[in-house]
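Read the structure below first, then the notes.
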Amino acid sequence: MKNTSQNTQQDKQTGRTYGGESAEERLARQRRQFMDAGLELFGTVGYRATTVRMLCKQAGLTDRYFYKTFSDTEDLLAAVYTESLDQIQSGVIAAINASASQQPAGDLIEAGLEAFFRAFENARMARVCWLEVLGVSPRIDTLYTSRIQQFADLLLDLGKSMLPDWRLSETETRITGIALIGAISQSALHWLLEDYCSSRASLISANGRLIRGLIGSLPR
């Protein structure tokens, strides 16, 4: 029995492979299952209605495995939200970069908006990122605010690439970016709430006109 106990302890320390998976691979797989379960449930029944038991059932795992990776459902929400926005932002950046060498600078606006609204058509992801994170806790509010600023910075970088002689002050630049991303986000939220009745092309056209109007109004 002593040898068995020692071997078990060594297995835990060395992460011995079981069923073709190392300890790290098992933990990553379990985390992935809970992340997918979180996106599904937070994006359908909603964050506040979702329990750990429901997440475990959706993931096909027990709560023991849930608490190995996440401290609570809010911790999972933060992870799902962050991953979802990372995917959206990466898609927008990739679309802009892919178009940069092939299109006039102005057309990069449409490329970025196309990538954004195409990703937004994932209703579960959209609901998590634009509805379920609101008013959850100070921690989630801080995360939300920081990610809005990141998107604003991305838009401003695009604007500055189109208008190298940027003359707004740092403060006004920051406020302008937040106002612009707020307008785009609100139109996207309305699109979600109306169950995508408007065409994606109309969202791209309207928001493209908004961005171009802003750039055109800047001092030169």
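We name chains A, B, ... following the order of the structure tokens; residues begin at 1 in each chain, and ligands are numbered from 1 as shown.
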Residues within 12 Å of stretch 177-183 of chain A, only C-alpha atoms, excluding chain neighbours under 2 positions, as number ranges by chain: A: 113, 116, 130, 145-160, 168, 170-175, 185-190, 203, 206-215
Determine, using only C-alpha atoms, which residues of stretch 105-178 of chain A have any atom at most 8 Å from an atom of stretch 70-84 of chain A, and tabulate each with its shortest atom pair and distance in Å to one decimal place, rows ordered by chain and then rising number, as a tab-separated table.
residue	atom	partner	partner_atom	distance
A:Met125	CA	A:Ser84	CA	6.4
A:Val128	CA	A:Tyr81	CA	6.5
A:Cys129	CA	A:Tyr81	CA	5.8
A:Val133	CA	A:Leu77	CA	7.6
A:Ile140	CA	A:Ala78	CA	6.7
A:Leu143	CA	A:Ala78	CA	7.8
For the residues in the current selection, export all heavy atoms as a tab-separated table (two decimals), in the first residue's frame.
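selection_26.tsv written:
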chain	number	residue	atom	x	y	z
A	125	MET	N	-21.96	34.64	-28.65
A	125	MET	CA	-20.82	35.49	-28.35
A	125	MET	C	-21.26	36.94	-28.18
A	125	MET	O	-20.82	37.63	-27.25
A	125	MET	CB	-19.78	35.37	-29.46
A	125	MET	CG	-18.49	36.12	-29.20
A	125	MET	SD	-17.30	35.96	-30.57
A	125	MET	CE	-16.91	34.20	-30.47
A	128	VAL	N	-23.03	37.44	-24.77
A	128	VAL	CA	-22.09	37.45	-23.66
A	128	VAL	C	-21.36	38.78	-23.60
A	128	VAL	O	-21.26	39.41	-22.54
A	128	VAL	CB	-21.07	36.29	-23.79
A	128	VAL	CG1	-19.92	36.47	-22.80
A	128	VAL	CG2	-21.75	34.95	-23.54
A	129	CYS	N	-20.84	39.24	-24.74
A	129	CYS	CA	-19.98	40.42	-24.77
A	129	CYS	C	-20.73	41.74	-24.66
A	129	CYS	O	-20.16	42.73	-24.19
A	129	CYS	CB	-19.15	40.42	-26.05
A	129	CYS	SG	-17.97	39.05	-26.16
A	133	VAL	N	-22.32	40.76	-19.56
A	133	VAL	CA	-21.25	41.29	-18.70
A	133	VAL	C	-21.65	42.59	-18.01
A	133	VAL	O	-20.92	43.07	-17.13
A	133	VAL	CB	-19.95	41.52	-19.50
A	133	VAL	CG1	-19.39	40.21	-20.01
A	133	VAL	CG2	-20.18	42.49	-20.65
A	140	ILE	N	-15.85	42.89	-13.28
A	140	ILE	CA	-16.27	42.73	-14.67
A	140	ILE	C	-16.46	44.10	-15.31
A	140	ILE	O	-16.15	44.28	-16.50
A	140	ILE	CB	-17.56	41.90	-14.76
A	140	ILE	CG1	-17.34	40.50	-14.15
A	140	ILE	CG2	-18.01	41.76	-16.21
A	140	ILE	CD1	-16.29	39.67	-14.86
A	143	LEU	N	-13.06	45.21	-16.38
A	143	LEU	CA	-12.64	44.45	-17.56
A	143	LEU	C	-13.35	44.98	-18.80
A	143	LEU	O	-12.72	45.18	-19.85
A	143	LEU	CB	-12.95	42.96	-17.35
A	143	LEU	CG	-12.65	42.02	-18.52
A	143	LEU	CD1	-11.17	42.04	-18.87
A	143	LEU	CD2	-13.09	40.60	-18.16
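Put simply, atom CA of A:Ser217 is 19.8 Å away from atom CA of A:Ile204.
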Separation of atom CA of A:Tyr144 from atom CA of A:Leu85, in Å and rounded to one decimal: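 Rounded to one decimal, the two atoms are 10.1 Å apart.
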Residues of stretch 40-124 of chain A in helix (DSSP H, G or I) according to DSSP, as a ChimeraX atom specification? /A:40-42,52-59,63-69,73-100,107-120,123-124
List as a compact mmCIF listing (two decimals) with N, CA, C and O atoms, in the first residue's frame the protein and nucleic acid residues near A:Lys57, meaning an atom at most 12 Å away when only C-alpha atoms are counted, but skip any in the same chain fewer than 4 places from it.
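To be explicit, this is the file written out as out.txt:
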# COMPACT_ATOMS: atom_id res chain seq x y z
N GLN A 33 -13.74 22.53 -22.22
CA GLN A 33 -15.12 22.06 -22.11
C GLN A 33 -15.96 23.04 -21.29
O GLN A 33 -17.10 23.31 -21.65
N PHE A 34 -15.38 23.59 -20.23
CA PHE A 34 -16.13 24.56 -19.42
C PHE A 34 -16.25 25.91 -20.14
O PHE A 34 -17.28 26.59 -20.00
N ASP A 36 -16.51 26.27 -23.39
CA ASP A 36 -17.57 26.06 -24.39
C ASP A 36 -18.94 26.02 -23.72
O ASP A 36 -19.91 26.55 -24.26
N ALA A 37 -19.00 25.39 -22.54
CA ALA A 37 -20.26 25.33 -21.80
C ALA A 37 -20.68 26.72 -21.36
O ALA A 37 -21.87 27.09 -21.41
N GLY A 38 -19.71 27.54 -20.92
CA GLY A 38 -20.02 28.90 -20.51
C GLY A 38 -20.55 29.74 -21.64
O GLY A 38 -21.55 30.46 -21.48
N GLU A 40 -22.07 28.69 -24.30
CA GLU A 40 -23.40 28.18 -24.66
C GLU A 40 -24.47 28.65 -23.68
O GLU A 40 -25.52 29.16 -24.09
N LEU A 41 -24.22 28.49 -22.39
CA LEU A 41 -25.24 28.81 -21.39
C LEU A 41 -25.35 30.32 -21.13
O LEU A 41 -26.45 30.86 -21.05
N THR A 50 -27.42 30.90 -14.85
CA THR A 50 -26.55 29.74 -15.01
C THR A 50 -25.89 29.37 -13.68
O THR A 50 -25.32 30.24 -13.01
N THR A 51 -25.95 28.11 -13.33
CA THR A 51 -25.31 27.61 -12.10
C THR A 51 -24.13 26.72 -12.45
O THR A 51 -23.98 26.26 -13.59
N VAL A 52 -23.30 26.46 -11.45
CA VAL A 52 -22.18 25.53 -11.64
C VAL A 52 -22.70 24.16 -12.04
O VAL A 52 -22.12 23.50 -12.91
N ARG A 53 -23.79 23.73 -11.45
CA ARG A 53 -24.36 22.42 -11.80
C ARG A 53 -24.74 22.37 -13.28
O ARG A 53 -24.48 21.37 -13.96
N LEU A 61 -18.76 17.19 -17.10
CA LEU A 61 -17.75 17.02 -16.06
C LEU A 61 -18.38 17.32 -14.70
O LEU A 61 -19.49 17.85 -14.63
N THR A 62 -17.68 17.00 -13.64
CA THR A 62 -18.19 17.26 -12.29
C THR A 62 -17.67 18.60 -11.77
O THR A 62 -16.73 19.18 -12.33
N ASP A 63 -18.28 19.07 -10.67
CA ASP A 63 -17.86 20.36 -10.11
C ASP A 63 -16.42 20.32 -9.60
O ASP A 63 -15.76 21.35 -9.51
N TYR A 65 -13.91 19.25 -11.19
CA TYR A 65 -13.07 19.72 -12.29
C TYR A 65 -13.30 21.20 -12.57
O TYR A 65 -12.38 21.91 -12.99
N PHE A 66 -14.51 21.67 -12.32
CA PHE A 66 -14.78 23.09 -12.51
C PHE A 66 -13.90 23.92 -11.60
O PHE A 66 -13.25 24.88 -12.04
Find the residue from A:Asp195, A:Tyr47, A:Gln89, A:Leu218 that sits nearest to A:Leu134; use only C-alpha atoms when measuring.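 Once distances to A:Leu134 are computed over only C-alpha atoms, the minimum belongs to A:Tyr47.
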Go through A:Ser137, A:Ala49, A:Ile184, A:Ala94 one by one, measure the shortest atom-to-atom distance of each to A:Leu108 using only C-alpha atoms, and give the residue with the smallest value.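 Comparing A:Ser137, A:Ala49, A:Ile184, A:Ala94 against A:Leu108, the winner is A:Ala94.
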Between atom CA of A:Glu21 and atom CA of A:Ala59, what is the distance, to one decimal in Å?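 So the answer is 18.1 Å.
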